[in-house]
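*Asks:* Pasting a structure here, questions to come.
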Number of protein chains: 2
Amino acid sequence: MSRPTVAGVARAAGVSVASVSRVLNGLPATEEMVERVQRAVEELGYVPDARARSLKVGRTFQLTLAVADVGNPVYVTMMRAVEEVVSAAGYRLVVTTTGPDVVDEVALVRGMARGYADGLVISPLRVDDDLIKSIRECDVPVVVAGNVPASAGVDTIRANSPKGMLLAVEHLLQKGRRRIAFLNGPRDTVPGTARAKGFAEAMKANGLRPVAEVEAADFTFAAGREAGRELLSGLTAGPNRADGRGAAAGGRAGAGGRGTKGRKQVPDAVIAANDLLAVGLMHELAAVGLEVPKDVAVVGMDDSELAEQSFPPLTSVNLGSAERGRRAAELLLARIDDDTRTPRRIVVQPTLSVRRSTP
Amino acid sequence: MSRPTVAGVARAAGVSVASVSRVLNGLPATEEMVERVQRAVEELGYVPDARARSLKVGRTFQLTLAVADVGNPVYVTMMRAVEEVVSAAGYRLVVTTTGPDVVDEVALVRGMARGYADGLVISPLRVDDDLIKSIRECDVPVVVAGNVPASAGVDTIRANSPKGMLLAVEHLLQKGRRRIAFLNGPRDTVPGTARAKGFAEAMKANGLRPVAEVEAADFTFAAGREAGRELLSGLTAGPNRADGRGAAAGGRAGAGGRGTKGRKQVPDAVIAANDLLAVGLMHELAAVGLEVPKDVAVVGMDDSELAEQSFPPLTSVNLGSAERGRRAAELLLARIDDDTRTPRRIVVQPTLSVRRSTP
DNA sequence: ATCGTTCTTGTAATCGTTTACAACCGACAC
DNA sequence: GTGTCGGTTGTAAACGATTACAAGAACGAT
């Protein structure tokens with residue numbers, strides 16, 4: 001006994017397929033007709049085939065959100081926001097993960113081109129011409145949560161990293177920290193370059209020079225630890241500890257301190273490009289006996305759930321991931337509604353969530 | 001200029017639609033035919049319509065993983081494992097989130113019944129007859145990562161919570177902790193009941209009685225904090241601190257200690273049903289000045305990425321989420337291949353990942 | 001009684017693929 | 001020259017829904 005189709009239901013109910021379809025879609029029909037069809041549907045356990053339906057009507061009522069790494073908590077914030085908006089609009093949201101490579105991203109956009117979903121939100125880590133081309137050629141609407149050139153002719157919604165960096169730097173400054181280091185993610189990613197630039201500007205605007213700058217292999221916790229270790233190497237002994245008892249287990253002595261030639265200054269604050277990186281760093285700080293925030297203040301970025309879960313809770317720049325998710329979803333829905341509207345480029349402003357990782 | 005279809009390509013290449021389809025699917029054709037078709041495809045930027053294709057061939061080459069809460073790090077572990085297996089098999093994985101309610105879960109299974117995917121892995125928090133019925137009626141294969149009755153006639157793969165609890169209890173015991181409390185998630189969920197039962201058994205087997213048992217509203221960080229507060233209320237002053245300087249800021253004196261009547265015993269260890277709950281609890285412990293693991297040891301469950309990210313890193317029962325994900329995916333693929341095989345019920349064994357939240 | 005109107009229902013075309021089947025073509029053996 | 005055989009290619013029928021269009025029914029007005 002095979003799965004019932006609309007034809008089977010029609011036969012069972014003794015009516016035509018058109019009538020079945022009409023009843024199922026709530027078009028006007030007589031009381032009796034509705035009753036007969038519904039009974040047949042019930043009896044056969046009929047469930048319409050989504051593929052056939054969407055082939056005919058041209059819509060799937062599914063929307064896709066593609067993220068690079070499901071383990072990154074910033075995406076859960078976005079995901080929640082997107083989900084809320086699209087499900088309120090009667091769409092089902094599905095999430096796929098692309099990994100960090102741009103080629104996979106391109107493959108996804110290409111593959112999505114026909115039939116898997118009515119629209120797509122992507123938040124690409126890396127962008128190249130192929131990706132832009134595939135977005136432009138994609139015949140389902142795409143909105144980019146991130147930074148692509150205006151020439152791509154696509155709705156975008158992005159964060160204001162430079163402003164966020166400024167908030168972080170000024171907060172630290174106000175708390176009396178001046179020896180600020182930067183723990184970035186990969187420079188060849190979109191957020192990586194934006195944050196590097198923002199950090200440099202923010203420091204310059206306040207007349208500061210970074211005491212150190214390291215680059216993690218990617219935006220993950222493990223990479224954060226590794227980069228944190230690199231950042232700390234060679235400067236674990238220094239004037240940071242008020243009690244002067246030094247820090248590292250190894251405890252190798254050294255001049256340290258600012259201005260000492262041939263040796264990096266010891267930071268009294270680190271800004272990380274990401275909450276995961278920040279937390280990774282904090283583990284390394286603890287490992288060498290530095291206390292947060294007493295010895296070193298730490299500021300993360302994204303203000304994800306991890307920021308409040310970490311210990312100490314992490315002061316973090318809120319780059320508006322929830323709002324970006326919400327508005328990305330809204331842009332997508334609007335464009336599905338009307339494909340001719342001119343692409344918008346929205347920038348959302350950051351705020352700072354102060355927690356206990358800064359004094 | 002509308003999107004090209006196979007007919008358009010055929011016209012452009014001066015061949016029949018069948019030939020186009022054959023070339024696209026790699027069926028035998030002459031050199032020249034292949035060449036002409038490919039040129040036309042290239043030129044028109046043709047992308048096949050997934051809906052139409054899957055309508056005809058009966059497969060979508062998509063698999064769905066439905067999880068209750070994307071914010072729960074245990075699911076990212078599972079997700080990664082599932083993704084790896086299914087993508088190696090040529091499927092695309094999509095993830096949807098259902099929320100904690102069983103009705104949404106049922107709706108998902110029902111809706112998935114026709115056409116959205118070739119198979120479904122669900123990990124339901126709550127199970128009722130409706131859900132089981134919908135799974136049985138679903139005409140795409142379903143595998144359940146969790147516990148449903150064998151009568152459901154479905155492949156399942158589940159953790160061994162009781163054994164996991166035993167590992168946790170015995171580890172604590174071995175470290176000299178005997179006043180063990182339990183921070184559970186909602187009792188009306190599948191994991192909630194399993195863990196409650198497992199905890200009770202494990203304690204009994206070791207001749208211990210729980211000093212406290214609280215139930216969080218759900219398996220989230222926020223709920224963990226709240227339940228942690230509840231657990232700690234009224235017993236924040238006690239003999240736990242070795243230095244005897246009491247604990248809470250308020251520092252109210254009290255008899256505390258074991259056996260004191262009218263007053264709960266002060267735990268020297270807490271097992272949480274979940275890493276998120278454990279981390280929430282640790283925040284509350286810190287808030288009242290109790291140190292982990294010196295004053296109170298904490299054991300989480302799931303051994304998710306959060307366990308190593310938390311501070312101190314969390315000793316956690318590894319319930320095999322990665323393996324469960326992997327094997328769930330394998331079961332699903334096997335069943336897609338052959339729907340007649342008798343349902344398997346796999347149990348994966350837990351291990352303990354010892355970190356620094358226990359002495 | 002006839003006509004027009006409105007409302008309901010059925011027939012058949014359509015969406016964009018795949019694929020069973022038949023037609024065709026050239027080669028080869030008799 | 002004809003029949004057979006392999007191999008390519010084309011025609012047309014699916015897959016399972018929606019929907020334009022036409023036909024029929026009911027009903028009141030003329």
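Each chain in the structure tokens gets a letter, A, B, ..., in the order shown, and its residues are numbered from 1; ligands are numbered from 1 in order too.
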Based on only C-alpha atoms, which of the residues in chain A come within 6 Å of chain B? I want them as number ranges by chain.

*Replies:* A: 49-51, 55, 71, 76, 94-96, 114-115, 310-311

*Asks:* Show me, as a PyMOL selection string, every residue of chain A with an atom at most 8 Å from chain C, counting only C-alpha atoms (C1' of nucleotides).

*Replies:* chain A and resi 16+18-19+29-30+55-57

*Asks:* Rounded to one decimal in Å, what is the spacing between atom CA of A:Val288 and atom CA of A:Leu231?

*Replies:* 11.9 Å

*Asks:* Set the cut-off to 7 Å and count only C-alpha atoms (C1' of nucleotides): what are the residues of chain D that reach chain B? Output as number ranges by chain.

*Replies:* D: 8, 10, 15

*Asks:* Go ahead and compute the interatomic distance for atom CA of B:Glu291 and atom CA of B:Glu213, in Å to one decimal.

*Replies:*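 Between atom CA of B:Glu291 and atom CA of B:Glu213 the gap works out to 20.1 Å.
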
*Asks:* If you run DSSP on the backbone, which residues of stretch 183-357 of chain B are helix (DSSP H, G or I), as a ChimeraX atom specification?

*Replies:* /B:190-205,221-232,275-287,305-309,321-337

*Asks:* Leaving out A:Ile336 and any residue of its chain fewer than 2 positions from it, which residues lie within 10 Å of it when counting only C-alpha atoms (C1' of nucleotides), given as a list in words?

*Replies:*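 Near A:Ile336, the qualifying residues are Asp118, Gly119, Val140, Pro141, Val142, Glu330, Leu331, Leu332, Leu333, Ala334, Asp338, Asp339 and Thr340 of chain A.
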
*Asks:* Report, in Å with one decimal, the straight-line distance from atom CA of A:Ala217 to atom CA of A:Ala194.

*Replies:*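 So the two atoms, atom CA of A:Ala217 and atom CA of A:Ala194, lie 16.2 Å apart.
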
*Asks:* Tell me, which residues of stretch 94-288 of chain A carry DSSP strand (DSSP E), written as number ranges by chain?

*Replies:* A: 94-97, 119-122, 142-145, 155-159, 180-184, 212-215, 269-272
